[in-house]
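Trainee: This is the structure I have questions about; it appears just below.
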There are 2 protein chains.
Amino acid sequence: MGTYSTFDPWVILREGFDAASLRESESVLALGNGFIGMRGNLEEPTAQGAPTVQGTYLNGVFDSAPIVYGEGAFGYARNHETICSVADAKSFILLADGERLDMSSSRTEAHRRVLDMREGTLRRYFRWRTPAGALLEAESVRLVSLTRQELAAAGLTVRCLEGRCALEIRSPLSPAAAAEADSSDPRTAAGKDRRLLTARVLAEDDVLAMEQRTRNSGFTVCCAAAHRSGLPHTSVCTDGGAVWTAHADLSAGQSVTVEKSICYLERRGELPDGLDAAADICRNAPALPELLAGQRQTLDAFWEAVGLEITGGDALLQGLRFNLFHLFQSVGRDGRRNVAAKGLTGEGYEGHYFWDTEAYILPVFLYTRPELARRLLEYRHSILPQARERARLLGHAGALFPWRTIDGEEVSAYYPAGTAQVHIDADIAHAVWEYYAVTDDLDFLAERGAELLTETARFYLDLGFFSEEKGGRFVINCVTGPDEYNVLVDNNVYTNAAARENLLNAARALELLRESRPEEHARLIRELSIDPEEPARWREAGERMYFPAPRDGIWPQDDGFLDRQPWPLDSIPADRRPLLLHYHPLDIYRRRICKQADLILAMTVFSESFTAEEKEKNFDFYDSVTTHDSSLSMAVFSILANGIGRSEKAYDYFTASVRLDLDDAYRNTKDGLHMANMAGTWNCVTKGFGGMRLKNGMLYFDPKCPAKWDGCAFRVRFRGRTIRVHMDRDGAAYSLLDGEPVTILTPAGELKLQ
Amino acid sequence: MGTYSTFDPWVILREGFDAASLRESESVLALGNGFIGMRGNLEEPTAQGAPTVQGTYLNGVFDSAPIVYGEGAFGYARNHETICSVADAKSFILLADGERLDMSSSRTEAHRRVLDMREGTLRRYFRWRTPAGALLEAESVRLVSLTRQELAAAGLTVRCLEGRCALEIRSPLSPAAAAEADSSDPRTAAGKDRRLLTARVLAEDDVLAMEQRTRNSGFTVCCAAAHRSGLPHTSVCTDGGAVWTAHADLSAGQSVTVEKSICYLERRGELPDGLDAAADICRNAPALPELLAGQRQTLDAFWEAVGLEITGGDALLQGLRFNLFHLFQSVGRDGRRNVAAKGLTGEGYEGHYFWDTEAYILPVFLYTRPELARRLLEYRHSILPQARERARLLGHAGALFPWRTIDGEEVSAYYPAGTAQVHIDADIAHAVWEYYAVTDDLDFLAERGAELLTETARFYLDLGFFSEEKGGRFVINCVTGPDEYNVLVDNNVYTNAAARENLLNAARALELLRESRPEEHARLIRELSIDPEEPARWREAGERMYFPAPRDGIWPQDDGFLDRQPWPLDSIPADRRPLLLHYHPLDIYRRRICKQADLILAMTVFSESFTAEEKEKNFDFYDSVTTHDSSLSMAVFSILANGIGRSEKAYDYFTASVRLDLDDAYRNTKDGLHMANMAGTWNCVTKGFGGMRLKNGMLYFDPKCPAKWDGCAFRVRFRGRTIRVHMDRDGAAYSLLDGEPVTILTPAGELKLQ
């Protein structure tokens, strides 16, 4: 294991051992492959007093429990869904001369851990002086396979540098411990018992295996680990688990190595022969070098597709790579799993999927790995039945997607900042359309996309109404926009703008299919019972969408926003932030203050609908009333700031968000990494500094390299092409790396790349 | 026991036995004295399949439990408080020839139960053919003493009419059974285990006694029963309770009588020697005839003070008397207990005190038994410390009274229809001022009233602000008015009007005390740290209070009301009412629809602030958008209808509400009687038909006798006088029955009564 610098842009280095920041490092050093996620837990249990969140997660595997309401009401979400930590197979326990290794009491030195973002591994190194005086050197490596979804692996080498030592290595397979939870913080998982039940355990020569069941949600999980060491060993079942144990007497210069391959299988329902299947997969799994080669190959391809370069900003480049690496590790790849708000790095937000996916994360993949973007949309299509049912329960036509969910059921227990966020439908519709525009994937539009557009458009048409009081415009009342500090408002600008686009694009999609895929069009009309007049009604609602009138150039982000009581940001003490943890919701809602600014988001996403002057004026106003208590906020401000030539502001917001988790800026990285913010920083580079957006179906760029950088580059996929954009102080350069010639737009006009 | 007719206005008669309506009859036939409440349960347990709510309650005695939130947030109410049924001492169990009496299987006939509203008793009669062929006649009587708060009594006589019979009479003292609860209906108590724990039991000759403790709230309750019968008997402790048992062999013509006196003592904390004290009180309690005489005397005085007469409307008079009787039975008399939303008749709304007291119930007592109104305000003053603490927690000055509570702590688990109903402060302030205006009780104003006015005024001044956007007017945003179908609204007209009055009256009260009680005034200034400028600021906020501007003569009940989507009442199917049980809150909140109409309430309470034309126009509009899903709604519509000469509408709303519980119109009388509606019907008679209101500090009447009645009369107390108002087709007559001459106002001008 080599040496690394703190801001080496390819690795994340953590040196020494600090109990207080252990949980935070576990999130930062997590590994995953979109299915399996492993927190960066130390191999061995930590001493009491060093708080840890032991976690191995399977994306989409959760337990459920009825939501208890102090006062219930009709149509409330009925169940919690909570991601649960499955059997732990990644640990090793070391005993030397009778002492059990414990970072808080053993005599260790030179401890360092390295997350390698090109190799897809977590490596660790330390030396250990045993009670009998021997000096040991330990190196471990861990990976979650990027080539085989069900596999992970871990290796451990212990070398004796001085003296002699009786070494014992244990590799346990244990049911997960119950996680801690702070029920007063709505952003963490509430304190529900979500430990899985152990159904069967197997300990056989080199192999340990365990079958677990969730308590209420009906999942079966099988985990196995197969060991390779050449050492004498035993495998036995223990209290609730199993353990593989080997012994070795080491003299100076001697070393031992243990490797294990780990397998997870899961199914909602029974998993017949799952235990044996998992054991077999482990036994026959590729050895560590082969898996490592696969990691490298996959990541090389990923980093090439991303093509990210920053000259003169290593710490920021490291932050960006870190963000993209974790996004890539967390994204579901099979159309059945999505990206949780914390990815697979922790239990914050209970492992739920939010609008974060479509509004922040999906574009990253759409422009770099479009097939993954398609998988995310396939997931949404797969939960359409539940979304239709939810709309019906709420008395509406079409489909209403859940604000937060794992399996498609709405599980938000606080509807004002949950079900009321009906913009989720339009966010999905927006992603469907953008996916089509960037990929030309007419098959998807015909098979799934048009159905999503239709059902969401139906929902909005039914939700709003043409208001006589508002001159016959189409209004949408009593919703919550993304900004959760202003709830149950009328005519939220972002929601209305997104719904308008949804309504218009639904009609456009049907039109397009009618022309180019008449058979598919006919099938849709039939299967969805689309009335011939329906698209015209969507169009009418979209075209007559109401927006609150600006006052002195300031757009109210909803009908009542400007009438709320001002609350100067500098009058709020630092120790009373974020507001949501220190003020009653009513105190917050009645103020003219934002968690994130919906109007700024609207101006960013629907850039063409606002003039440059409007953007400038409103940027300053909303900048002065936004707390950024949501990690989704700063990236959006950064992008708009770029769009209006406020480069310094743009850069400041970018730097404040790009290392948000690496620097634990929100002090809750321990609960997991902020996926949407991480994606937001890629959006800052491409849509912000790169000025990228779709314009009349073409790709538009207006690059402005931050003054502090010598240069910056990124790559995007667009309709089968790979385009590289480079910007520096002298301007921008575009190159077509792959694919047919294509015309792009720049402020100077059209530009043909070939 | 005599015979009665269905609409005898002095009694409530229930004949036969119908398992399906048992629970409803238990509420209707409940007895109480403001401290003890006993549901009208049959003496003997009912068979399985006959749902019953066994209940004996002590006003203010509750158990608590932490509120569990699916998603919590800062400042949420922390605990449930739930009235709990204490030891049951009112029962008798009869066994004849080995058969245990059970109304659903025994051969009974002529069963009838009578709530006598002049005698303050529940009497029962039936005949019973035993398996061996004997014919028995049973009569029982039950009372909750109106002269001795801690006492109740029950008597049972069994006579053999034919044959012979071996009779066994058991009188059990049992811990209460767990109550059923429907957690999907927010109006009932949620399913919490609130059975008390039995601490000690005593069974000694004629006396049974039990000491109970609540699980979490720290109450001790001691109950004892002493029996008189002259029969051979035993008293033994049983599983969790005790039972007194007597035997008698009866031949035709023979009879036996058992009487018991019952005592309840309670204290928050330990109750040393409480068990013995309760037993002693029972042993020495007055015999039944003496208690009955006390009931009669107390009720004669009450009915005389009320002086209610209706000629030509017996069923309605019966309804009105029923309502007043239960209010009198439910009102706390010691300044520590209030009136629960269901009185002491059931467990709906968990025994909580709401604004119902000040807005509906208190006026009934203020104008008939003003000392009881004072007790209710003393209760509010006693919970000022908690109200101050609540305001502080929410970041506000002054005091915010809890929306629902028993001991002063806010226990609403759904703040949009709880804490957000900040009008509770102004409701209390209104009652304080009206109490002073009607009684001239300057002592109370100095000792407690001014403090209540000050702290509530401080709250509103801090809650609202002078809005530049609204021309410098004082606005109050993000509140919920009484109408719970429109939550978190801006500038609710009722709230703003009530707050205005509060702000102005707080300043007025201090002014008045400064002039007439300078020492008290100085003490208040000192103790409450009242800044010399403060009253002027209250006055400024009150005088510059903002109200949404009418559109085409229609007042929006809040800033956004007229912009919501219309929802014609006749388009809502009957089986989807009340809306709150069949639609998601969001579906309701975004519509232009009311549970009760706040604007109509404002026009009723603040009558002088609106013109007759405005009232007429707005009455029709709000009449067309109000569901009356709140039982507090119709009485208010009736009063305003009278005020604008819509006598038929007024009469219809009155008749629909006056027998609401007697006819189980809302189908939830089983959970307890609707106290506020009951009080509302008295308000209909006095303030509606009688046109009574305060005007420039004088009493104003504008009587309009409903066309269907030959005549109607009522009495009110006003500044030491008793005034009788009589109205019939020919007009009105006023007489001074008691006290110094007084001048009243009528449409014809001033009128001096002497």
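FYI, nothing fancy with the structure tokens labels: chains A, B, ... in order, residues from 1 per chain, ligands from 1 as they appear.
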What are the nearest atom pairs, with distances in Å to one decimal, for all residues of chain B that come at most 8 Å from chain A, using only C-alpha atoms, set out by chain and rising residue number as a tab-separated table?

Mentor:
residue	atom	partner	partner_atom	distance
B:Ile67	CA	A:Gly70	CA	5.7
B:Val68	CA	A:Gly70	CA	6.1
B:Tyr69	CA	A:Tyr69	CA	5.8
B:Gly70	CA	A:Ala413	CA	4.9
B:Glu71	CA	A:Pro186	CA	5.5
B:Gly72	CA	A:Pro186	CA	5.8
B:Ala73	CA	A:Ser184	CA	6.4
B:Phe74	CA	A:His584	CA	5.1
B:Gly75	CA	A:His584	CA	4.9
B:Tyr76	CA	A:His584	CA	7.1
B:His80	CA	A:Gly70	CA	8.0
B:Ser183	CA	A:Gly72	CA	7.0
B:Ser184	CA	A:Gly72	CA	5.9
B:Asp185	CA	A:Ala73	CA	6.9
B:Pro186	CA	A:Glu71	CA	5.5
B:Ala190	CA	A:Glu71	CA	7.6
B:Leu394	CA	A:His584	CA	6.0
B:Gly395	CA	A:Asp587	CA	7.5
B:Ala413	CA	A:Gly70	CA	5.0
B:Tyr414	CA	A:Glu71	CA	6.0
B:Ala420	CA	A:Leu586	CA	7.2
B:Phe465	CA	A:Gln565	CA	6.9
B:Ser467	CA	A:Asp563	CA	7.3
B:Glu469	CA	A:Asp563	CA	6.0
B:Lys470	CA	A:Asp563	CA	7.6
B:Asn477	CA	A:Arg590	CA	5.8
B:Cys478	CA	A:Arg590	CA	5.3
B:Leu488	CA	A:Leu488	CA	7.8
B:Leu562	CA	A:Glu469	CA	7.5
B:Asp563	CA	A:Glu469	CA	6.0
B:Arg564	CA	A:Asn477	CA	7.0
B:Gln565	CA	A:Phe465	CA	6.9
B:Leu580	CA	A:Phe74	CA	6.9
B:Leu581	CA	A:Phe74	CA	5.7
B:His582	CA	A:Phe74	CA	5.9
B:Tyr583	CA	A:Phe74	CA	5.8
B:His584	CA	A:Gly75	CA	5.0
B:Pro585	CA	A:Phe74	CA	7.3
B:Leu586	CA	A:Cys478	CA	6.9
B:Asp587	CA	A:Leu394	CA	6.8
B:Tyr589	CA	A:Cys478	CA	6.9
B:Arg590	CA	A:Cys478	CA	5.3

Trainee: What's around Ser235 in chain B at 9 Å? Count only C-alpha atoms, leave out sequence neighbours fewer than 4 positions away in its own chain, and write the answer as a list in words.

Mentor: Ala203, Glu204, Asp205, Asp206, Val207, Leu208, Ala242, Val243, Trp244 and Thr245 of chain B

Trainee: Using only C-alpha atoms, determine which residues lie at most 8 Å from Asn683 in chain A, disregarding the query and same-chain residues fewer than 6 positions distant; provide the list as a list in words.

Mentor: Tyr360, Pro363, Val364, Ala635 and Ile639 of chain A

Trainee: Quick one: residues within 10 Å of Asn668 in chain B, only C-alpha atoms, excluding same-chain residues fewer than 2 positions away - as a list of chain:residue names?

Mentor: B:Arg23, B:Glu24, B:Ser27, B:Arg187, B:Thr188, B:Gly348, B:Asp661, B:Asp664, B:Ala665, B:Tyr666, B:Lys670, B:Asp671, B:Gly672, B:Leu673, B:His674

Trainee: Fewer than 2 positions away in the same chain doesn't count, so skip those; otherwise give me all residues within 7 Å of Ile424 in chain A, counting only C-alpha atoms, as JSON, numbers by chain.

Mentor: {"A": [355, 401, 403, 421, 422, 426, 427, 428]}

Trainee: I'd like to know which residues of range 3-225 of chain A are strand (DSSP E) (by DSSP, run on the backbone); could you write them as a ChimeraX atom specification?

Mentor: /A:11-15,31-32,36-38,56-58,62-66,79-83,93-96,99-100,107-116,121-129,135-144,151-162,164-173,197-204,207-213,219-225

Trainee: Of the candidates A:Ala506, A:Val53, A:Leu161, A:Ala154, which one gets nearest to Ala287 in chain A if we count only C-alpha atoms?

Mentor: A:Ala154

Trainee: Do you have the CA of Val306 in chain B-CA of Arg39 in chain B distance handy?

Mentor: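 Pair CA of Val306 in chain B / CA of Arg39 in chain B returns 24.8 Å.
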
Trainee: Of the candidates A:Phe62, A:Trp10, A:Phe474, A:Trp567, which one gets nearest to Gly218 in chain A if we count only C-alpha atoms?

Mentor: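 Residue with the minimum atom-to-atom distance to Gly218 in chain A: A:Phe62.
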
Trainee: Just checking: using only C-alpha atoms, which residue out of B:Thr495, B:Asn323, B:Thr357, B:Gln297 ends up closest to Arg659 in chain B?

Mentor: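 Smallest distance to Arg659 in chain B is found for B:Asn323.
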
Trainee: Using only C-alpha atoms, can you tell me which of B:Pro548, B:Gly643, B:Gly274, B:Gly32 comes closest to Phe561 in chain B?

Mentor: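 Closest candidate: B:Pro548.
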
Trainee: Would you mind listing what lies within 8 Å of Arg337 in chain B as a PDB file with N, CA and C atoms, in the first residue's frame, with only C-alpha atoms counted and same-chain residues fewer than 5 positions away left out?

Mentor:
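Output (selection29.pdb):
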ATOM      1  N   GLY B  34     -69.940  17.563  37.374  1.00  0.00           N
ATOM      2  CA  GLY B  34     -68.780  18.405  37.124  1.00  0.00           C
ATOM      3  C   GLY B  34     -67.490  17.792  37.633  1.00  0.00           C
ATOM      4  N   PHE B  35     -67.624  16.810  38.522  1.00  0.00           N
ATOM      5  CA  PHE B  35     -66.431  16.098  39.000  1.00  0.00           C
ATOM      6  C   PHE B  35     -66.550  14.617  38.598  1.00  0.00           C
ATOM      7  N   ASN B  59     -63.567  14.261  36.232  1.00  0.00           N
ATOM      8  CA  ASN B  59     -63.165  15.389  35.387  1.00  0.00           C
ATOM      9  C   ASN B  59     -61.726  15.775  35.713  1.00  0.00           C
ATOM     10  N   GLY B  60     -60.889  15.802  34.704  1.00  0.00           N
ATOM     11  CA  GLY B  60     -59.499  16.216  34.901  1.00  0.00           C
ATOM     12  C   GLY B  60     -58.554  15.086  35.250  1.00  0.00           C
ATOM     13  N   VAL B 331     -70.016  20.650  33.865  1.00  0.00           N
ATOM     14  CA  VAL B 331     -69.121  21.794  34.078  1.00  0.00           C
ATOM     15  C   VAL B 331     -68.355  21.664  35.396  1.00  0.00           C
ATOM     16  N   GLY B 332     -67.047  21.854  35.320  1.00  0.00           N
ATOM     17  CA  GLY B 332     -66.207  21.839  36.513  1.00  0.00           C
ATOM     18  C   GLY B 332     -66.556  23.025  37.407  1.00  0.00           C
ATOM     19  N   LEU B 376     -64.584  28.679  35.342  1.00  0.00           N
ATOM     20  CA  LEU B 376     -63.976  28.238  34.075  1.00  0.00           C
ATOM     21  C   LEU B 376     -62.811  29.142  33.693  1.00  0.00           C
ATOM     22  N   TYR B 379     -59.848  28.394  35.800  1.00  0.00           N
ATOM     23  CA  TYR B 379     -59.089  27.251  35.255  1.00  0.00           C
ATOM     24  C   TYR B 379     -58.072  27.743  34.233  1.00  0.00           C
TER      25      TYR B 379
END

Trainee: Between CA of Ser25 in chain B and CA of Leu299 in chain B, what is the distance, to one decimal in Å?

Mentor: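 These atoms are spaced 22.1 Å apart.
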
Trainee: Which residues come within 10 Å of Phe219 in chain A, counting only C-alpha atoms, excluding same-chain residues fewer than 4 positions away, as number ranges by chain?

Mentor: A: 61-63, 196, 212-215, 266-271

Trainee: Can you write out the residues you just picked, keeping all heavy atoms, as a compact mmCIF listing (two decimals), in the first residue's frame?

Mentor:
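Saved the output as again_37.txt:
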# COMPACT_ATOMS: atom_id res chain seq x y z
N VAL A 61 -34.10 -3.63 -0.33
CA VAL A 61 -34.53 -4.60 0.69
C VAL A 61 -34.80 -3.84 1.98
O VAL A 61 -33.91 -3.19 2.52
CB VAL A 61 -33.45 -5.68 0.91
CG1 VAL A 61 -33.86 -6.59 2.07
CG2 VAL A 61 -33.26 -6.49 -0.37
N PHE A 62 -36.03 -3.93 2.43
CA PHE A 62 -36.45 -3.11 3.58
C PHE A 62 -37.39 -3.92 4.46
O PHE A 62 -37.92 -4.95 4.03
CB PHE A 62 -37.19 -1.87 3.07
CG PHE A 62 -38.47 -2.20 2.36
CD1 PHE A 62 -39.68 -2.29 3.05
CD2 PHE A 62 -38.49 -2.46 0.99
CE1 PHE A 62 -40.87 -2.61 2.40
CE2 PHE A 62 -39.67 -2.79 0.33
CZ PHE A 62 -40.86 -2.86 1.04
N ASP A 63 -37.59 -3.44 5.65
CA ASP A 63 -38.68 -3.99 6.44
C ASP A 63 -39.74 -2.92 6.60
O ASP A 63 -39.47 -1.73 6.41
CB ASP A 63 -38.20 -4.50 7.79
CG ASP A 63 -39.09 -5.63 8.29
OD1 ASP A 63 -40.14 -5.90 7.65
OD2 ASP A 63 -38.76 -6.25 9.31
N LEU A 196 -33.22 -8.18 11.11
CA LEU A 196 -33.80 -9.32 10.42
C LEU A 196 -33.80 -10.53 11.35
O LEU A 196 -33.01 -10.62 12.30
CB LEU A 196 -33.00 -9.64 9.15
CG LEU A 196 -33.39 -8.82 7.93
CD1 LEU A 196 -33.03 -7.36 8.09
CD2 LEU A 196 -32.73 -9.39 6.68
N GLN A 212 -31.83 -15.05 6.17
CA GLN A 212 -32.54 -14.13 7.04
C GLN A 212 -33.89 -13.75 6.43
O GLN A 212 -34.06 -13.79 5.22
CB GLN A 212 -31.72 -12.84 7.23
CG GLN A 212 -30.38 -13.05 7.89
CD GLN A 212 -29.63 -11.73 7.99
OE1 GLN A 212 -29.25 -11.15 6.99
NE2 GLN A 212 -29.44 -11.26 9.21
N ARG A 213 -34.80 -13.36 7.33
CA ARG A 213 -36.10 -12.88 6.85
C ARG A 213 -36.40 -11.55 7.51
O ARG A 213 -36.10 -11.35 8.67
CB ARG A 213 -37.21 -13.87 7.25
CG ARG A 213 -36.97 -15.28 6.80
CD ARG A 213 -38.07 -15.79 5.86
NE ARG A 213 -37.61 -17.02 5.21
CZ ARG A 213 -37.80 -18.24 5.70
NH1 ARG A 213 -38.51 -18.41 6.81
NH2 ARG A 213 -37.34 -19.30 5.07
N THR A 214 -37.03 -10.66 6.75
CA THR A 214 -37.52 -9.43 7.38
C THR A 214 -38.76 -9.77 8.19
O THR A 214 -39.43 -10.78 7.96
CB THR A 214 -37.86 -8.37 6.33
OG1 THR A 214 -38.78 -8.93 5.39
CG2 THR A 214 -36.60 -7.93 5.58
N ARG A 215 -39.06 -8.90 9.15
CA ARG A 215 -40.16 -9.21 10.06
C ARG A 215 -41.53 -9.09 9.40
O ARG A 215 -42.42 -9.90 9.65
CB ARG A 215 -40.10 -8.26 11.26
CG ARG A 215 -38.97 -8.61 12.19
CD ARG A 215 -38.59 -7.51 13.14
NE ARG A 215 -37.35 -7.89 13.80
CZ ARG A 215 -37.27 -8.32 15.07
NH1 ARG A 215 -38.34 -8.40 15.81
NH2 ARG A 215 -36.10 -8.66 15.57
N GLU A 266 -31.27 -12.10 -2.69
CA GLU A 266 -32.48 -11.65 -2.01
C GLU A 266 -33.68 -11.87 -2.89
O GLU A 266 -33.56 -11.88 -4.13
CB GLU A 266 -32.38 -10.18 -1.61
CG GLU A 266 -32.29 -9.20 -2.77
CD GLU A 266 -33.61 -8.79 -3.40
OE1 GLU A 266 -34.67 -8.93 -2.75
OE2 GLU A 266 -33.59 -8.36 -4.57
N ARG A 267 -34.83 -11.99 -2.24
CA ARG A 267 -36.07 -12.11 -3.00
C ARG A 267 -37.22 -11.72 -2.09
O ARG A 267 -37.20 -12.02 -0.89
CB ARG A 267 -36.25 -13.55 -3.48
CG ARG A 267 -37.39 -13.76 -4.44
CD ARG A 267 -37.18 -15.00 -5.30
NE ARG A 267 -38.33 -15.22 -6.15
CZ ARG A 267 -39.40 -15.92 -5.78
NH1 ARG A 267 -39.43 -16.50 -4.59
NH2 ARG A 267 -40.43 -16.05 -6.58
N ARG A 268 -38.23 -11.08 -2.64
CA ARG A 268 -39.41 -10.80 -1.82
C ARG A 268 -40.28 -12.04 -1.90
O ARG A 268 -40.89 -12.32 -2.93
CB ARG A 268 -40.15 -9.56 -2.33
CG ARG A 268 -41.11 -9.04 -1.28
CD ARG A 268 -41.43 -7.58 -1.47
NE ARG A 268 -42.19 -7.07 -0.35
CZ ARG A 268 -42.66 -5.85 -0.24
NH1 ARG A 268 -42.43 -4.99 -1.21
NH2 ARG A 268 -43.34 -5.45 0.82
N GLY A 269 -40.31 -12.78 -0.82
CA GLY A 269 -40.96 -14.09 -0.80
C GLY A 269 -39.93 -15.12 -0.39
O GLY A 269 -38.86 -14.78 0.13
N GLU A 270 -40.24 -16.37 -0.63
CA GLU A 270 -39.30 -17.45 -0.31
C GLU A 270 -38.13 -17.42 -1.29
O GLU A 270 -38.26 -16.93 -2.41
CB GLU A 270 -39.99 -18.81 -0.42
CG GLU A 270 -41.20 -18.98 0.47
CD GLU A 270 -40.80 -19.15 1.93
OE1 GLU A 270 -39.86 -19.91 2.21
OE2 GLU A 270 -41.43 -18.48 2.79
N LEU A 271 -37.02 -17.97 -0.87
CA LEU A 271 -35.86 -18.09 -1.75
C LEU A 271 -35.39 -19.54 -1.64
O LEU A 271 -34.44 -19.86 -0.92
CB LEU A 271 -34.77 -17.11 -1.27
CG LEU A 271 -33.58 -16.84 -2.18
CD1 LEU A 271 -34.01 -16.42 -3.58
CD2 LEU A 271 -32.71 -15.74 -1.57
